Amino acid sequence: MELIDQHKQTMKNKFLNFILKYKYYLIFIIFFAFISFIFNPKQKEHYLAKDIQTFKEGDYLTIAIIGSGILMCLMLTIAFLKKFKINQILNSIVFISFICFSIFFLMENTAVSFCLFINRLSTKKEIFETYETFQITDKKYFTAGNIRRPNNFINEVDYYKYFGVKDASKLKPGDTITLHFKQGLLNINYFNLK
């Protein structure tokens, strides 16, 4: 019995030593997992896929460039205030360029999710969009076009996301669907989950 207790204590000590030795790595992994598997998907639940895609193709590049410029200016200001040598300043520029590239381009999904989160912090105005269904297949797949804006469509994925249902069997061609959006800080339309 005493041998089993010693073995348990030894295993417990090894486990604690492992955690203490790698605590920063473990914290990083937990933080990264939270961001990737909980935070990012939760932000996208409030937006239609086309609105996220439009943001990525349009305003995101501007935000990435401005954000990179701000980080670069901050780093250079700190370097000049601390009277860094030229080679230290060049190293700082390379380092901050790598950080900006990593944040805004390699981790684009996470950066976009943070922008979507910031967008919902304040509402500029409320918008109602009306769509008319024109193609329905198997009472489950459909396409609806915006009545006021041509080339603006939604499909069953957006419908299910907005209404929280998985059934479109009650829809018929020519039915209208009205969606209530709020326009956020970054001019991206979002909705509150039903």
# chains A, B, ... in the order shown; residues from 1 in each chain; ligands from 1
>>> residues_around(residues="stretch 126-139 of chain A", least_positions_apart="2", cutoff="8 Å", atoms="only C-alpha atoms", output="JSON, numbers by chain")
{"A": [123, 124, 141, 142, 143, 144, 145, 146, 147, 148, 153, 154, 167, 168, 169, 170, 171, 172, 173, 174, 175, 176, 177, 178, 179, 180, 181, 182, 183]}
>>> select_by_dssp(residues="stretch 2-170 of chain A", states="strand (DSSP E)", output="list in words")
Thr123, Lys124, Lys125, Glu126, Ile127, Phe128, Glu129, Thr130, Tyr131, Glu132, Thr133, Phe134, Gln135, Ile136, Thr137, Tyr141, Phe142, Thr143, Ala144, Gly145, Asn146, Phe153, Ile154 and Asn155 of chain A
>>> closest_atom_pairs(of="stretch 63-171 of chain A", to="stretch 42-48 of chain A", cutoff="7 Å", atoms="only C-alpha atoms", output="Markdown table")
| residue | atom | partner | partner_atom | distance |
| --- | --- | --- | --- | --- |
| A:Ser113 | CA | A:Gln43 | CA | 5.9 |
| A:Leu116 | CA | A:Gln43 | CA | 6.2 |
| A:Phe117 | CA | A:Gln43 | CA | 6.1 |
| A:Asp158 | CA | A:Leu48 | CA | 5.7 |
>>> write_last_selection(atoms="C-alpha atoms", output="PDB file, in the first residue's frame")
ATOM      1  CA  SER A 113     -13.081  37.939 -35.855  1.00  0.00           C
ATOM      2  CA  LEU A 116     -16.372  41.643 -36.161  1.00  0.00           C
ATOM      3  CA  PHE A 117     -16.407  41.789 -32.360  1.00  0.00           C
ATOM      4  CA  ASP A 158     -27.861  32.481 -44.195  1.00  0.00           C
TER       5      ASP A 158
END
>>> residues_around(residues="stretch 103-108 of chain A", least_positions_apart="2", cutoff="10 Å", atoms="only C-alpha atoms", output="PyMOL selection string")
chain A and resi 56+60-61+63-65+67-68+97-101+110-114
>>> write_last_selection(atoms="N, CA, C and O atoms", output="mmCIF file, in the first residue's frame")
data_model
loop_
_atom_site.group_PDB
_atom_site.id
_atom_site.type_symbol
_atom_site.label_atom_id
_atom_site.label_comp_id
_atom_site.auth_asym_id
_atom_site.auth_seq_id
_atom_site.Cartn_x
_atom_site.Cartn_y
_atom_site.Cartn_z
ATOM 1 N N LYS A 56 -13.860 41.251 -45.801
ATOM 2 C CA LYS A 56 -12.509 40.744 -46.065
ATOM 3 C C LYS A 56 -11.945 41.306 -47.367
ATOM 4 O O LYS A 56 -10.765 41.645 -47.444
ATOM 5 N N TYR A 60 -10.964 45.210 -44.866
ATOM 6 C CA TYR A 60 -9.962 44.540 -44.037
ATOM 7 C C TYR A 60 -8.543 44.940 -44.431
ATOM 8 O O TYR A 60 -7.702 45.168 -43.571
ATOM 9 N N LEU A 61 -8.270 45.020 -45.720
ATOM 10 C CA LEU A 61 -6.923 45.394 -46.165
ATOM 11 C C LEU A 61 -6.562 46.791 -45.667
ATOM 12 O O LEU A 61 -5.436 47.023 -45.217
ATOM 13 N N ILE A 63 -7.751 48.267 -42.958
ATOM 14 C CA ILE A 63 -7.520 48.154 -41.509
ATOM 15 C C ILE A 63 -6.154 47.530 -41.238
ATOM 16 O O ILE A 63 -5.422 47.976 -40.351
ATOM 17 N N ALA A 64 -5.779 46.516 -42.016
ATOM 18 C CA ALA A 64 -4.477 45.865 -41.831
ATOM 19 C C ALA A 64 -3.330 46.839 -42.100
ATOM 20 O O ALA A 64 -2.356 46.878 -41.347
ATOM 21 N N ILE A 65 -3.460 47.631 -43.146
ATOM 22 C CA ILE A 65 -2.393 48.586 -43.485
ATOM 23 C C ILE A 65 -2.304 49.691 -42.427
ATOM 24 O O ILE A 65 -1.215 50.043 -41.973
ATOM 25 N N GLY A 67 -3.383 49.523 -39.278
ATOM 26 C CA GLY A 67 -2.900 48.904 -38.047
ATOM 27 C C GLY A 67 -1.404 48.671 -38.077
ATOM 28 O O GLY A 67 -0.692 48.921 -37.098
ATOM 29 N N SER A 68 -0.899 48.189 -39.213
ATOM 30 C CA SER A 68 0.542 47.969 -39.365
ATOM 31 C C SER A 68 1.302 49.288 -39.276
ATOM 32 O O SER A 68 2.357 49.372 -38.644
ATOM 33 N N SER A 97 7.585 44.288 -38.659
ATOM 34 C CA SER A 97 7.030 43.866 -39.953
ATOM 35 C C SER A 97 6.590 42.409 -39.889
ATOM 36 O O SER A 97 5.523 42.048 -40.385
ATOM 37 N N PHE A 98 7.420 41.580 -39.259
ATOM 38 C CA PHE A 98 7.058 40.167 -39.100
ATOM 39 C C PHE A 98 5.805 40.026 -38.237
ATOM 40 O O PHE A 98 4.907 39.241 -38.559
ATOM 41 N N ILE A 99 5.715 40.805 -37.157
ATOM 42 C CA ILE A 99 4.542 40.750 -36.275
ATOM 43 C C ILE A 99 3.288 41.182 -37.044
ATOM 44 O O ILE A 99 2.248 40.527 -36.961
ATOM 45 N N CYS A 100 3.374 42.272 -37.771
ATOM 46 C CA CYS A 100 2.224 42.764 -38.544
ATOM 47 C C CYS A 100 1.796 41.735 -39.590
ATOM 48 O O CYS A 100 0.600 41.470 -39.748
ATOM 49 N N PHE A 101 2.760 41.159 -40.292
ATOM 50 C CA PHE A 101 2.434 40.145 -41.294
ATOM 51 C C PHE A 101 1.752 38.954 -40.628
ATOM 52 O O PHE A 101 0.763 38.420 -41.136
ATOM 53 N N THR A 110 -8.504 35.201 -37.289
ATOM 54 C CA THR A 110 -8.618 35.750 -35.934
ATOM 55 C C THR A 110 -8.714 37.269 -35.971
ATOM 56 O O THR A 110 -9.525 37.860 -35.250
ATOM 57 N N ALA A 111 -7.927 37.923 -36.818
ATOM 58 C CA ALA A 111 -7.987 39.388 -36.918
ATOM 59 C C ALA A 111 -9.360 39.840 -37.402
ATOM 60 O O ALA A 111 -9.927 40.810 -36.882
ATOM 61 N N VAL A 112 -9.926 39.128 -38.372
ATOM 62 C CA VAL A 112 -11.268 39.455 -38.856
ATOM 63 C C VAL A 112 -12.292 39.257 -37.742
ATOM 64 O O VAL A 112 -13.196 40.081 -37.562
ATOM 65 N N SER A 113 -12.144 38.188 -36.967
ATOM 66 C CA SER A 113 -13.081 37.939 -35.855
ATOM 67 C C SER A 113 -13.025 39.061 -34.825
ATOM 68 O O SER A 113 -14.063 39.471 -34.288
ATOM 69 N N PHE A 114 -11.830 39.570 -34.528
ATOM 70 C CA PHE A 114 -11.727 40.710 -33.606
ATOM 71 C C PHE A 114 -12.402 41.948 -34.196
ATOM 72 O O PHE A 114 -13.056 42.705 -33.483
#
>>> atom_distance(atom1="atom CA of A:Gly184", atom2="atom CA of A:Ser122")
5.7 Å
>>> select_by_dssp(residues="stretch 70-170 of chain A", states="helix (DSSP H, G or I)", output="number ranges by chain")
A: 70-81, 86-106, 108-119, 156-163
>>> atom_distance(atom1="atom CA of A:Leu71", atom2="atom CA of A:Leu121")
22.8 Å
>>> decode(residues="stretch 30-122 of chain A", atoms="C-alpha atoms", output="short mmCIF file (atom, residue, chain, number, x, y, z; two decimals), in the first residue's frame")
data_model
loop_
_atom_site.label_atom_id
_atom_site.label_comp_id
_atom_site.auth_asym_id
_atom_site.auth_seq_id
_atom_site.Cartn_x
_atom_site.Cartn_y
_atom_site.Cartn_z
CA ILE A 30 -5.19 27.12 -24.08
CA PHE A 31 -5.48 30.75 -25.23
CA PHE A 32 -5.00 29.75 -28.89
CA ALA A 33 -7.59 26.97 -28.57
CA PHE A 34 -10.09 29.38 -26.96
CA ILE A 35 -9.59 31.94 -29.75
CA SER A 36 -9.73 29.34 -32.55
CA PHE A 37 -12.56 27.11 -31.37
CA ILE A 38 -14.78 29.40 -29.29
CA PHE A 39 -14.17 33.12 -29.94
CA ASN A 40 -13.81 33.07 -33.77
CA PRO A 41 -16.90 30.93 -34.51
CA LYS A 42 -19.03 32.92 -32.01
CA GLN A 43 -18.28 36.19 -33.80
CA LYS A 44 -19.25 34.82 -37.20
CA GLU A 45 -22.63 33.63 -35.90
CA HIS A 46 -23.89 37.24 -36.00
CA TYR A 47 -23.10 37.88 -39.67
CA LEU A 48 -24.20 36.66 -43.06
CA ALA A 49 -21.43 34.94 -45.01
CA LYS A 50 -21.58 37.52 -47.82
CA ASP A 51 -21.11 40.41 -45.35
CA ILE A 52 -17.99 38.78 -43.88
CA GLN A 53 -16.64 38.12 -47.38
CA THR A 54 -17.36 41.72 -48.46
CA PHE A 55 -15.51 43.00 -45.37
CA LYS A 56 -12.51 40.74 -46.06
CA GLU A 57 -12.32 41.84 -49.69
CA GLY A 58 -12.80 45.54 -48.98
CA ASP A 59 -12.18 47.19 -45.63
CA TYR A 60 -9.96 44.54 -44.04
CA LEU A 61 -6.92 45.39 -46.16
CA THR A 62 -7.28 49.08 -45.20
CA ILE A 63 -7.52 48.15 -41.51
CA ALA A 64 -4.48 45.87 -41.83
CA ILE A 65 -2.39 48.59 -43.48
CA ILE A 66 -3.45 51.28 -40.99
CA GLY A 67 -2.90 48.90 -38.05
CA SER A 68 0.54 47.97 -39.37
CA GLY A 69 1.39 51.65 -39.83
CA ILE A 70 0.34 52.49 -36.27
CA LEU A 71 2.40 49.60 -34.86
CA MET A 72 5.39 50.64 -36.97
CA CYS A 73 5.13 54.29 -35.80
CA LEU A 74 4.85 53.21 -32.15
CA MET A 75 7.89 50.98 -32.47
CA LEU A 76 9.95 53.68 -34.18
CA THR A 77 8.90 56.27 -31.59
CA ILE A 78 10.00 53.96 -28.77
CA ALA A 79 13.26 53.23 -30.61
CA PHE A 80 14.05 56.95 -31.02
CA LEU A 81 13.07 57.80 -27.43
CA LYS A 82 15.33 55.05 -26.10
CA LYS A 83 18.06 56.22 -28.51
CA PHE A 84 18.51 52.90 -30.27
CA LYS A 85 21.39 52.54 -32.70
CA ILE A 86 20.68 52.26 -36.43
CA ASN A 87 21.12 48.47 -36.49
CA GLN A 88 18.73 48.13 -33.50
CA ILE A 89 16.17 50.31 -35.31
CA LEU A 90 16.50 48.18 -38.46
CA ASN A 91 16.08 45.03 -36.35
CA SER A 92 12.99 46.60 -34.77
CA ILE A 93 11.53 47.38 -38.21
CA VAL A 94 12.09 43.79 -39.36
CA PHE A 95 10.59 42.45 -36.12
CA ILE A 96 7.48 44.66 -36.23
CA SER A 97 7.03 43.87 -39.95
CA PHE A 98 7.06 40.17 -39.10
CA ILE A 99 4.54 40.75 -36.28
CA CYS A 100 2.22 42.76 -38.54
CA PHE A 101 2.43 40.15 -41.29
CA SER A 102 1.70 37.39 -38.76
CA ILE A 103 -1.26 39.18 -37.19
CA PHE A 104 -2.96 40.63 -40.25
CA PHE A 105 -2.22 38.02 -42.93
CA LEU A 106 -1.25 34.67 -41.40
CA MET A 107 -3.86 35.03 -38.65
CA GLU A 108 -6.42 36.73 -40.88
CA ASN A 109 -9.31 34.64 -39.52
CA THR A 110 -8.62 35.75 -35.93
CA ALA A 111 -7.99 39.39 -36.92
CA VAL A 112 -11.27 39.46 -38.86
CA SER A 113 -13.08 37.94 -35.85
CA PHE A 114 -11.73 40.71 -33.61
CA CYS A 115 -12.93 43.29 -36.15
CA LEU A 116 -16.37 41.64 -36.16
CA PHE A 117 -16.41 41.79 -32.36
CA ILE A 118 -15.43 45.48 -32.37
CA ASN A 119 -18.09 46.17 -35.00
CA ARG A 120 -20.84 45.00 -32.62
CA LEU A 121 -19.73 47.24 -29.73
CA SER A 122 -21.92 50.08 -31.00
#
